[in-house]
$ cat input01.pdb   # PDB, C-alpha atoms (C1' of nucleotides)
ATOM      1  CA  MET A 214     112.191 -86.313 -10.802
ATOM      2  CA  THR A 215     111.436 -87.778  -7.378
ATOM      3  CA  LEU A 216     113.111 -91.075  -8.026
ATOM      4  CA  THR A 217     116.295 -90.258  -6.157
ATOM      5  CA  GLU A 218     114.929 -89.808  -2.668
ATOM      6  CA  ALA A 219     113.007 -93.005  -1.883
ATOM      7  CA  LEU A 220     115.626 -95.547  -0.939
ATOM      8  CA  PRO A 221     114.716 -99.131  -1.781
ATOM      9  CA  ILE A 222     114.541-100.490   1.764
ATOM     10  CA  THR A 223     113.823-104.157   1.285
ATOM     11  CA  ASP A 224     111.083-104.526   3.820
ATOM     12  CA  LEU A 225     109.583-107.977   3.990
ATOM     13  CA  ASN A 226     106.181-106.400   4.499
ATOM     14  CA  ALA A 227     106.467-104.359   1.344
ATOM     15  CA  CYS A 228     105.174-105.816  -1.876
ATOM     16  CA  CYS A 229     106.550-103.438  -4.460
ATOM     17  CA  THR A 230     109.678-103.116  -6.545
ATOM     18  CA  PRO A 231     111.087 -99.656  -7.269
ATOM     19  CA  ILE A 232     110.396 -98.061 -10.613
ATOM     20  CA  LEU A 233     113.306 -97.719 -13.019
ATOM     21  CA  ARG A 234     111.796 -95.676 -15.846
ATOM     22  CA  GLU A 235     108.509 -94.023 -16.702
ATOM     23  CA  PRO A 236     105.905 -96.473 -17.999
ATOM     24  CA  MET A 237     103.847 -95.801 -21.084
ATOM     25  CA  GLY A 238     101.232 -93.068 -20.800
ATOM     26  CA  ALA A 239      97.532 -93.548 -21.383
ATOM     27  CA  ASP A 240      97.530 -91.729 -24.704
ATOM     28  CA  ALA A 241     100.439 -93.673 -26.154
ATOM     29  CA  ALA A 242      98.876 -96.922 -24.997
ATOM     30  CA  GLU A 243      95.591 -96.025 -26.646
ATOM     31  CA  LYS A 244      97.322 -95.225 -29.903
ATOM     32  CA  LEU A 245      99.444 -98.355 -29.994
ATOM     33  CA  ALA A 246      96.446-100.475 -29.024
ATOM     34  CA  ARG A 247      94.519 -99.114 -31.987
ATOM     35  CA  SER A 248      97.369-100.028 -34.331
ATOM     36  CA  LEU A 249      97.614-103.510 -32.858
ATOM     37  CA  LYS A 250      93.867-104.059 -32.959
ATOM     38  CA  ALA A 251      93.933-103.467 -36.693
ATOM     39  CA  LEU A 252      96.593-106.151 -36.951
ATOM     40  CA  ALA A 253      95.068-108.647 -34.537
ATOM     41  CA  ASP A 254      92.878-110.580 -36.933
ATOM     42  CA  PRO A 255      93.842-113.664 -38.932
ATOM     43  CA  ALA A 256      92.143-112.448 -42.092
ATOM     44  CA  ARG A 257      93.930-109.110 -41.973
ATOM     45  CA  LEU A 258      97.297-110.691 -41.245
ATOM     46  CA  ARG A 259      96.867-112.921 -44.261
ATOM     47  CA  LEU A 260      95.825-109.956 -46.382
ATOM     48  CA  LEU A 261      99.001-108.108 -45.466
ATOM     49  CA  SER A 262     101.040-111.212 -46.095
ATOM     50  CA  ILE A 263      99.476-111.800 -49.501
ATOM     51  CA  VAL A 264     100.058-108.206 -50.528
ATOM     52  CA  ALA A 265     103.650-108.412 -49.340
ATOM     53  CA  SER A 266     104.152-111.629 -51.292
ATOM     54  CA  HIS A 267     103.235-109.995 -54.579
ATOM     55  CA  ASP A 268     105.648-108.299 -56.894
ATOM     56  CA  ASP A 269     105.735-104.550 -56.194
ATOM     57  CA  ALA A 270     104.053-105.457 -52.885
ATOM     58  CA  GLU A 271     100.767-104.703 -54.577
ATOM     59  CA  ALA A 272      97.561-106.644 -55.118
ATOM     60  CA  CYS A 273      93.971-106.108 -56.155
ATOM     61  CA  VAL A 274      90.884-107.392 -54.394
ATOM     62  CA  CYS A 275      90.421-110.148 -56.962
ATOM     63  CA  ASP A 276      93.693-111.639 -55.679
ATOM     64  CA  LEU A 277      92.518-111.477 -52.105
ATOM     65  CA  THR A 278      88.947-112.714 -51.965
ATOM     66  CA  GLU A 279      89.488-116.286 -53.037
ATOM     67  CA  PRO A 280      92.507-117.419 -50.959
ATOM     68  CA  LEU A 281      90.881-116.178 -47.760
ATOM     69  CA  GLY A 282      87.599-117.972 -48.276
ATOM     70  CA  LEU A 283      85.687-114.884 -47.244
ATOM     71  CA  SER A 284      83.027-112.889 -49.031
ATOM     72  CA  GLN A 285      83.953-109.841 -51.061
ATOM     73  CA  PRO A 286      82.291-107.338 -48.650
ATOM     74  CA  THR A 287      84.183-108.875 -45.755
ATOM     75  CA  VAL A 288      87.490-108.593 -47.577
ATOM     76  CA  SER A 289      86.718-104.997 -48.504
ATOM     77  CA  HIS A 290      85.941-104.296 -44.863
ATOM     78  CA  HIS A 291      89.245-105.736 -43.677
ATOM     79  CA  LEU A 292      91.138-103.813 -46.330
ATOM     80  CA  LYS A 293      89.497-100.608 -45.156
ATOM     81  CA  VAL A 294      90.571-101.316 -41.610
ATOM     82  CA  LEU A 295      94.147-101.839 -42.753
ATOM     83  CA  VAL A 296      94.114 -98.666 -44.852
ATOM     84  CA  ASP A 297      92.644 -96.614 -42.002
ATOM     85  CA  ALA A 298      95.333 -97.943 -39.672
ATOM     86  CA  GLY A 299      98.034 -96.928 -42.153
ATOM     87  CA  TYR A 300      99.306-100.377 -43.078
ATOM     88  CA  LEU A 301      98.010-100.309 -46.657
ATOM     89  CA  SER A 302      97.401 -97.653 -49.238
ATOM     90  CA  ARG A 303      94.743 -97.875 -51.908
ATOM     91  CA  GLU A 304      95.074 -96.813 -55.530
ATOM     92  CA  LYS A 305      92.271 -97.182 -58.018
ATOM     93  CA  ARG A 306      93.299 -97.892 -61.594
ATOM     94  CA  GLY A 307      90.413 -98.455 -63.973
ATOM     95  CA  THR A 308      87.958-100.915 -62.512
ATOM     96  CA  TRP A 309      90.409-102.391 -60.091
ATOM     97  CA  ALA A 310      91.635-101.219 -56.726
ATOM     98  CA  TYR A 311      95.289-101.925 -55.961
ATOM     99  CA  TYR A 312      96.500-102.218 -52.415
ATOM    100  CA  SER A 313     100.134-101.786 -51.498
ATOM    101  CA  LEU A 314     102.101-101.915 -48.277
ATOM    102  CA  THR A 315     102.840 -98.630 -46.570
ATOM    103  CA  PRO A 316     106.630 -98.521 -46.131
ATOM    104  CA  ASP A 317     107.860 -98.858 -42.536
ATOM    105  CA  ALA A 318     104.363 -99.128 -41.051
ATOM    106  CA  LEU A 319     104.899-102.683 -39.862
ATOM    107  CA  ASP A 320     108.461-102.039 -38.746
ATOM    108  CA  SER A 321     107.286 -99.034 -36.776
ATOM    109  CA  VAL A 322     104.716-100.925 -34.703
ATOM    110  CA  SER A 323     107.126-103.818 -34.347
ATOM    111  CA  GLY A 324     109.679-101.431 -32.897
ATOM    112  CA  LEU A 325     107.173 -99.995 -30.453
ATOM    113  CA  ILE A 326     106.410-103.467 -29.151
ATOM    114  CA  SER A 327     110.062-104.262 -28.587
ATOM    115  CA  GLU A 328     110.597-101.100 -26.581
ATOM    116  CA  LEU A 329     107.632-101.767 -24.368
TER     117      LEU A 329
ATOM    118  CA  MET B1129     106.959-125.413 -56.702
ATOM    119  CA  THR B1130     104.827-124.230 -59.620
ATOM    120  CA  LEU B1131     106.169-120.709 -59.625
ATOM    121  CA  THR B1132     108.581-121.225 -62.502
ATOM    122  CA  GLU B1133     106.150-121.986 -65.296
ATOM    123  CA  ALA B1134     103.674-119.090 -65.376
ATOM    124  CA  LEU B1135     105.444-116.293 -67.211
ATOM    125  CA  PRO B1136     104.407-112.826 -66.112
ATOM    126  CA  ILE B1137     102.819-111.607 -69.337
ATOM    127  CA  THR B1138     101.943-107.993 -68.609
ATOM    128  CA  ASP B1139      98.444-107.915 -70.025
ATOM    129  CA  LEU B1140      96.692-104.598 -69.601
ATOM    130  CA  ASN B1141      93.440-106.444 -68.978
ATOM    131  CA  ALA B1142      94.953-108.438 -66.157
ATOM    132  CA  CYS B1143      94.661-107.075 -62.672
ATOM    133  CA  CYS B1144      97.091-109.228 -60.771
ATOM    134  CA  THR B1145     100.748-109.078 -59.913
ATOM    135  CA  PRO B1146     102.746-112.313 -59.820
ATOM    136  CA  ILE B1147     103.428-113.923 -56.483
ATOM    137  CA  LEU B1148     106.993-113.838 -55.194
ATOM    138  CA  ARG B1149     106.799-115.995 -52.065
ATOM    139  CA  GLU B1150     104.244-118.031 -50.191
ATOM    140  CA  PRO B1151     101.951-115.921 -48.014
ATOM    141  CA  MET B1152     101.181-116.805 -44.417
ATOM    142  CA  GLY B1153      99.013-119.865 -43.874
ATOM    143  CA  ALA B1154      95.696-119.861 -42.067
ATOM    144  CA  ASP B1155      97.050-121.598 -38.975
ATOM    145  CA  ALA B1156     100.011-119.266 -38.554
ATOM    146  CA  ALA B1157      97.743-116.266 -39.029
ATOM    147  CA  GLU B1158      95.355-117.553 -36.387
ATOM    148  CA  LYS B1159      98.163-118.049 -33.926
ATOM    149  CA  LEU B1160      99.784-114.668 -34.457
ATOM    150  CA  ALA B1161      96.388-112.979 -34.319
ATOM    151  CA  ARG B1162      95.753-114.522 -30.909
ATOM    152  CA  SER B1163      99.072-113.185 -29.633
ATOM    153  CA  LEU B1164      98.362-109.744 -31.017
ATOM    154  CA  LYS B1165      94.835-109.673 -29.653
ATOM    155  CA  ALA B1166      96.224-110.165 -26.158
ATOM    156  CA  LEU B1167      98.437-107.148 -26.769
ATOM    157  CA  ALA B1168      95.858-104.945 -28.468
ATOM    158  CA  ASP B1169      94.376-103.271 -25.433
ATOM    159  CA  PRO B1170      95.528-100.021 -23.820
ATOM    160  CA  ALA B1171      95.191-101.368 -20.275
ATOM    161  CA  ARG B1172      97.265-104.463 -21.073
ATOM    162  CA  LEU B1173      99.936-102.459 -22.872
ATOM    163  CA  ARG B1174     100.270-100.228 -19.837
ATOM    164  CA  LEU B1175     100.406-103.242 -17.543
ATOM    165  CA  LEU B1176     103.292-104.690 -19.533
ATOM    166  CA  SER B1177     104.991-101.323 -19.575
ATOM    167  CA  ILE B1178     104.625-100.867 -15.835
ATOM    168  CA  VAL B1179     105.988-104.333 -15.135
ATOM    169  CA  ALA B1180     108.908-103.688 -17.472
ATOM    170  CA  SER B1181     109.612-100.385 -15.751
ATOM    171  CA  HIS B1182     110.060-102.021 -12.385
ATOM    172  CA  ASP B1183     113.323-103.338 -11.060
ATOM    173  CA  ASP B1184     113.657-107.030 -11.843
ATOM    174  CA  ALA B1185     110.857-106.474 -14.353
ATOM    175  CA  GLU B1186     108.478-107.581 -11.656
ATOM    176  CA  ALA B1187     105.426-106.051 -10.005
ATOM    177  CA  CYS B1188     102.520-107.036  -7.801
ATOM    178  CA  VAL B1189      98.883-106.196  -8.396
ATOM    179  CA  CYS B1190      98.952-103.448  -5.780
ATOM    180  CA  ASP B1191     101.372-101.581  -8.066
ATOM    181  CA  LEU B1192      99.086-102.006 -11.017
ATOM    182  CA  THR B1193      95.558-101.237  -9.932
ATOM    183  CA  GLU B1194      95.938 -97.597  -9.041
ATOM    184  CA  PRO B1195      97.899 -96.139 -11.989
ATOM    185  CA  LEU B1196      95.459 -97.676 -14.460
ATOM    186  CA  GLY B1197      92.334 -96.305 -12.860
ATOM    187  CA  LEU B1198      90.609 -99.645 -13.221
ATOM    188  CA  SER B1199      88.993-101.903 -10.680
ATOM    189  CA  GLN B1200      90.949-104.757  -9.124
ATOM    190  CA  PRO B1201      88.928-107.518 -10.863
ATOM    191  CA  THR B1202      89.495-105.832 -14.210
ATOM    192  CA  VAL B1203      93.235-105.637 -13.623
ATOM    193  CA  SER B1204      93.294-109.274 -12.551
ATOM    194  CA  HIS B1205      91.430-110.178 -15.720
ATOM    195  CA  HIS B1206      93.912-108.353 -17.934
ATOM    196  CA  LEU B1207      96.827-109.945 -16.111
ATOM    197  CA  LYS B1208      95.337-113.357 -16.707
ATOM    198  CA  VAL B1209      95.021-112.625 -20.419
ATOM    199  CA  LEU B1210      98.673-111.608 -20.541
ATOM    200  CA  VAL B1211      99.772-114.699 -18.622
ATOM    201  CA  ASP B1212      97.713-116.996 -20.843
ATOM    202  CA  ALA B1213      99.237-115.393 -23.917
ATOM    203  CA  GLY B1214     102.736-115.975 -22.540
ATOM    204  CA  TYR B1215     103.778-112.371 -22.010
ATOM    205  CA  LEU B1216     103.791-112.507 -18.227
ATOM    206  CA  SER B1217     104.436-115.158 -15.624
ATOM    207  CA  ARG B1218     102.839-115.196 -12.217
ATOM    208  CA  GLU B1219     104.522-116.100  -8.943
ATOM    209  CA  LYS B1220     102.732-116.004  -5.617
ATOM    210  CA  ARG B1221     104.842-115.060  -2.597
ATOM    211  CA  GLY B1222     102.923-114.798   0.638
ATOM    212  CA  THR B1223      99.837-112.731   0.203
ATOM    213  CA  TRP B1224     101.032-111.023  -2.935
ATOM    214  CA  ALA B1225     101.185-112.113  -6.541
ATOM    215  CA  TYR B1226     104.210-110.978  -8.494
ATOM    216  CA  TYR B1227     104.104-110.652 -12.250
ATOM    217  CA  SER B1228     107.235-110.653 -14.362
ATOM    218  CA  LEU B1229     107.951-110.348 -18.062
ATOM    219  CA  THR B1230     108.499-113.557 -19.980
ATOM    220  CA  PRO B1231     111.878-113.198 -21.697
ATOM    221  CA  ASP B1232     111.766-112.799 -25.479
ATOM    222  CA  ALA B1233     107.977-113.002 -25.675
ATOM    223  CA  LEU B1234     107.603-109.436 -26.904
ATOM    224  CA  ASP B1235     110.624-109.641 -29.174
ATOM    225  CA  SER B1236     109.263-112.808 -30.699
ATOM    226  CA  VAL B1237     105.942-111.335 -31.747
ATOM    227  CA  SER B1238     107.681-108.162 -32.824
ATOM    228  CA  GLY B1239     109.882-110.209 -35.121
ATOM    229  CA  LEU B1240     106.913-112.026 -36.600
ATOM    230  CA  ILE B1241     105.312-108.715 -37.500
ATOM    231  CA  SER B1242     108.421-107.457 -39.242
ATOM    232  CA  GLU B1243     108.660-110.576 -41.382
ATOM    233  CA  LEU B1244     105.068-110.328 -42.464
TER     234      LEU B1244
ATOM    235  C1'  DA C 183      89.533-118.612  16.243
ATOM    236  C1'  DT C 184      88.793-113.852  14.337
ATOM    237  C1'  DG C 185      89.371-110.183  11.533
ATOM    238  C1'  DA C 186      91.819-108.062   7.806
ATOM    239  C1'  DT C 187      94.061-108.012   3.402
ATOM    240  C1'  DA C 188      95.556-109.560  -1.543
ATOM    241  C1'  DG C 189      93.973-111.356  -5.202
ATOM    242  C1'  DA C 190      91.069-114.622  -8.213
ATOM    243  C1'  DT C 191      86.534-115.930  -9.884
ATOM    244  C1'  DT C 192      81.728-115.318 -11.177
ATOM    245  C1'  DG C 193      77.773-113.216 -13.398
ATOM    246  C1'  DA C 194      75.846-109.510 -15.715
ATOM    247  C1'  DT C 195      75.880-105.705 -18.959
ATOM    248  C1'  DG C 196      76.973-102.543 -22.567
ATOM    249  C1'  DA C 197      80.151-101.907 -26.407
ATOM    250  C1'  DT C 198      82.787-103.569 -30.137
ATOM    251  C1'  DT C 199      83.640-106.679 -33.929
ATOM    252  C1'  DG C 200      83.555-110.201 -37.837
ATOM    253  C1'  DT C 201      80.633-111.806 -41.147
ATOM    254  C1'  DC C 202      77.287-111.848 -44.900
ATOM    255  C1'  DG C 203      73.396-110.575 -48.141
ATOM    256  C1'  DA C 204      71.616-106.743 -50.422
ATOM    257  C1'  DT C 205      72.371-102.611 -52.536
ATOM    258  C1'  DG C 206      74.966 -98.699 -54.424
ATOM    259  C1'  DT C 207      78.611 -96.648 -57.441
ATOM    260  C1'  DA C 208      81.938 -96.154 -60.883
ATOM    261  C1'  DC C 209      84.066 -97.803 -64.860
ATOM    262  C1'  DA C 210      84.544-100.578 -69.254
ATOM    263  C1'  DC C 211      82.871-102.435 -73.415
ATOM    264  C1'  DA C 212      79.354-103.275 -76.890
TER     265       DA C 212
ATOM    266  C1'  DT D1157      72.307 -96.433 -73.959
ATOM    267  C1'  DG D1158      72.644-100.565 -71.774
ATOM    268  C1'  DT D1159      74.889-104.517 -69.721
ATOM    269  C1'  DG D1160      78.467-106.542 -67.035
ATOM    270  C1'  DT D1161      82.203-106.223 -63.728
ATOM    271  C1'  DA D1162      84.982-104.556 -59.557
ATOM    272  C1'  DC D1163      84.567-102.780 -55.515
ATOM    273  C1'  DA D1164      82.447-100.033 -51.621
ATOM    274  C1'  DT D1165      78.763 -99.230 -48.407
ATOM    275  C1'  DC D1166      74.736-100.392 -45.584
ATOM    276  C1'  DG D1167      71.995-102.966 -42.282
ATOM    277  C1'  DA D1168      71.575-106.893 -39.519
ATOM    278  C1'  DC D1169      73.039-110.532 -36.597
ATOM    279  C1'  DA D1170      75.875-113.430 -33.659
ATOM    280  C1'  DA D1171      79.975-113.583 -31.094
ATOM    281  C1'  DT D1172      83.497-111.634 -28.446
ATOM    282  C1'  DC D1173      85.185-108.346 -25.086
ATOM    283  C1'  DA D1174      86.037-104.793 -21.329
ATOM    284  C1'  DT D1175      84.275-103.540 -17.204
ATOM    285  C1'  DC D1176      82.374-103.688 -12.576
ATOM    286  C1'  DA D1177      79.962-105.296  -8.176
ATOM    287  C1'  DA D1178      79.659-109.206  -5.500
ATOM    288  C1'  DT D1179      81.639-113.181  -3.828
ATOM    289  C1'  DC D1180      85.166-116.572  -2.826
ATOM    290  C1'  DT D1181      89.937-118.258  -1.370
ATOM    291  C1'  DA D1182      94.127-118.014   0.843
ATOM    292  C1'  DT D1183      97.300-115.818   3.805
ATOM    293  C1'  DC D1184      98.784-112.951   7.638
ATOM    294  C1'  DA D1185      98.234-110.708  12.310
ATOM    295  C1'  DT D1186      96.223-110.579  16.703
TER     296       DT D1186
END

$ encode --input "input01.pdb" --output "structure tokens"
Amino acid sequence: MTLTEALPITDLNACCTPILREPMGADAAEKLARSLKALADPARLRLLSIVASHDDAEACVCDLTEPLGLSQPTVSHHLKVLVDAGYLSREKRGTWAYYSLTPDALDSVSGLISEL
Amino acid sequence: MTLTEALPITDLNACCTPILREPMGADAAEKLARSLKALADPARLRLLSIVASHDDAEACVCDLTEPLGLSQPTVSHHLKVLVDAGYLSREKRGTWAYYSLTPDALDSVSGLISEL
DNA sequence: ATGATAGATTGATGATTGTCGATGTACACA
DNA sequence: TGTGTACATCGACAATCATCAATCTATCAT
């Protein structure tokens, strides 16, 4: 660690503040950005919220298409994004597909944001 | 509240689980999505992280251009997005522009995600 | 005044994304 | 077997976005 040698001489010509801790690396930033991108859409936020509002935190697509005012393919697309990002899990029972919240997925990304 | 009348008859032909609480409205979803979209980019996450790693949680653009490997206009653009979204505040002192973290901005959005 | 530097703004471009209609697939019921 | 339903996938299109080179603005030094 080279942080101990450079004394913070407060030169008026200098523009920079000393670094306290290591900032986030490129790989971690890429990963967190992907998780946040999956969340950063009003339709997907509402989908998560609707699923979370149901008993057992579970809902089928028929519950989700109408309140969003979006077409069924669009809702299916958003659900796929959320499943791929790990926020939802899909279980097919008979004709219907049931989506449920992945435990701790939201809390995990929320924690990463706080520790930024 | 109309939640008290519809009894949850567990019909095997039904596909839907009863609703426990009101899901997020369209306006709230739009607003949170805008905040998250500003965060959902690897370059902007690293910018926030670098600013937070500095003493006084403050940094000028000269600190930020090089470690990201991006051009100066691109970094300025990302900084503007973060300022507009309320995560950073900009203060110009002399020739340099200093960016600092807005208190509680990250914690606020992090809390909204947890309560989804 | 002149030149140099820090940073913002503009314009253009290629990539990504949200949306929908059309189609495909799997299951249920007659 | 055939028909209807629930959902996924595909292809297309418009909109948004990340990025950079070029330019502009403001400040400092000489």

$ residues_around --input "input01.pdb" --residues "Asp320 in chain A" --least-positions-apart "6" --cutoff "9 Å" --atoms "all atoms listed in the file" --output "ChimeraX atom specification"
/B:1238,1241-1243

$ interface_residues --input "input01.pdb" --of "chain B" --to "chain A" --cutoff "8 Å" --atoms "all atoms listed in the file" --output "ChimeraX atom specification"
/B:1143-1154,1157-1165,1167-1171,1173-1174,1176-1178,1180-1184,1186-1188,1190-1191,1224,1234-1235,1238-1239,1241-1242,1244

$ write_last_selection --input "input01.pdb" --atoms "C-alpha atoms" --output "PDB file, in the coordinates of the input"
ATOM      1  CA  CYS B1143      94.661-107.075 -62.672  1.00  0.00           C
ATOM      2  CA  CYS B1144      97.091-109.228 -60.771  1.00  0.00           C
ATOM      3  CA  THR B1145     100.748-109.078 -59.913  1.00  0.00           C
ATOM      4  CA  PRO B1146     102.746-112.313 -59.820  1.00  0.00           C
ATOM      5  CA  ILE B1147     103.428-113.923 -56.483  1.00  0.00           C
ATOM      6  CA  LEU B1148     106.993-113.838 -55.194  1.00  0.00           C
ATOM      7  CA  ARG B1149     106.799-115.995 -52.065  1.00  0.00           C
ATOM      8  CA  GLU B1150     104.244-118.031 -50.191  1.00  0.00           C
ATOM      9  CA  PRO B1151     101.951-115.921 -48.014  1.00  0.00           C
ATOM     10  CA  MET B1152     101.181-116.805 -44.417  1.00  0.00           C
ATOM     11  CA  GLY B1153      99.013-119.865 -43.874  1.00  0.00           C
ATOM     12  CA  ALA B1154      95.696-119.861 -42.067  1.00  0.00           C
ATOM     13  CA  ALA B1157      97.743-116.266 -39.029  1.00  0.00           C
ATOM     14  CA  GLU B1158      95.355-117.553 -36.387  1.00  0.00           C
ATOM     15  CA  LYS B1159      98.163-118.049 -33.926  1.00  0.00           C
ATOM     16  CA  LEU B1160      99.784-114.668 -34.457  1.00  0.00           C
ATOM     17  CA  ALA B1161      96.388-112.979 -34.319  1.00  0.00           C
ATOM     18  CA  ARG B1162      95.753-114.522 -30.909  1.00  0.00           C
ATOM     19  CA  SER B1163      99.072-113.185 -29.633  1.00  0.00           C
ATOM     20  CA  LEU B1164      98.362-109.744 -31.017  1.00  0.00           C
ATOM     21  CA  LYS B1165      94.835-109.673 -29.653  1.00  0.00           C
ATOM     22  CA  LEU B1167      98.437-107.148 -26.769  1.00  0.00           C
ATOM     23  CA  ALA B1168      95.858-104.945 -28.468  1.00  0.00           C
ATOM     24  CA  ASP B1169      94.376-103.271 -25.433  1.00  0.00           C
ATOM     25  CA  PRO B1170      95.528-100.021 -23.820  1.00  0.00           C
ATOM     26  CA  ALA B1171      95.191-101.368 -20.275  1.00  0.00           C
ATOM     27  CA  LEU B1173      99.936-102.459 -22.872  1.00  0.00           C
ATOM     28  CA  ARG B1174     100.270-100.228 -19.837  1.00  0.00           C
ATOM     29  CA  LEU B1176     103.292-104.690 -19.533  1.00  0.00           C
ATOM     30  CA  SER B1177     104.991-101.323 -19.575  1.00  0.00           C
ATOM     31  CA  ILE B1178     104.625-100.867 -15.835  1.00  0.00           C
ATOM     32  CA  ALA B1180     108.908-103.688 -17.472  1.00  0.00           C
ATOM     33  CA  SER B1181     109.612-100.385 -15.751  1.00  0.00           C
ATOM     34  CA  HIS B1182     110.060-102.021 -12.385  1.00  0.00           C
ATOM     35  CA  ASP B1183     113.323-103.338 -11.060  1.00  0.00           C
ATOM     36  CA  ASP B1184     113.657-107.030 -11.843  1.00  0.00           C
ATOM     37  CA  GLU B1186     108.478-107.581 -11.656  1.00  0.00           C
ATOM     38  CA  ALA B1187     105.426-106.051 -10.005  1.00  0.00           C
ATOM     39  CA  CYS B1188     102.520-107.036  -7.801  1.00  0.00           C
ATOM     40  CA  CYS B1190      98.952-103.448  -5.780  1.00  0.00           C
ATOM     41  CA  ASP B1191     101.372-101.581  -8.066  1.00  0.00           C
ATOM     42  CA  TRP B1224     101.032-111.023  -2.935  1.00  0.00           C
ATOM     43  CA  LEU B1234     107.603-109.436 -26.904  1.00  0.00           C
ATOM     44  CA  ASP B1235     110.624-109.641 -29.174  1.00  0.00           C
ATOM     45  CA  SER B1238     107.681-108.162 -32.824  1.00  0.00           C
ATOM     46  CA  GLY B1239     109.882-110.209 -35.121  1.00  0.00           C
ATOM     47  CA  ILE B1241     105.312-108.715 -37.500  1.00  0.00           C
ATOM     48  CA  SER B1242     108.421-107.457 -39.242  1.00  0.00           C
ATOM     49  CA  LEU B1244     105.068-110.328 -42.464  1.00  0.00           C
TER      50      LEU B1244
END

$ resolve_selection --input "input01.pdb" --expression "the PyMOL selection byres ((chain C) within 8 of (chain A))" --output "list in words"
DT201, DC202, DA208, DC209 and DA210 of chain C

$ closest_atom_pairs --input "input01.pdb" --of "chain D" --to "chain A" --cutoff "8 Å" --atoms "only C-alpha atoms (C1' of nucleotides)" --output "JSON lines"
{"residue": "D:DT1161", "atom": "C1'", "partner": "A:Thr308", "partner_atom": "CA", "distance": 7.9}
{"residue": "D:DA1162", "atom": "C1'", "partner": "A:Thr308", "partner_atom": "CA", "distance": 5.6}
{"residue": "D:DC1163", "atom": "C1'", "partner": "A:Ala310", "partner_atom": "CA", "distance": 7.3}
{"residue": "D:DA1164", "atom": "C1'", "partner": "A:Ser289", "partner_atom": "CA", "distance": 7.3}

$ atom_distance --input "input01.pdb" --atom1 "CA of Leu1192 in chain B" --atom2 "C1' of DG185 in chain C"
25.9 Å

$ atom_distance --input "input01.pdb" --atom1 "C1' of DA194 in chain C" --atom2 "C1' of DT1175 in chain D"
10.4 Å
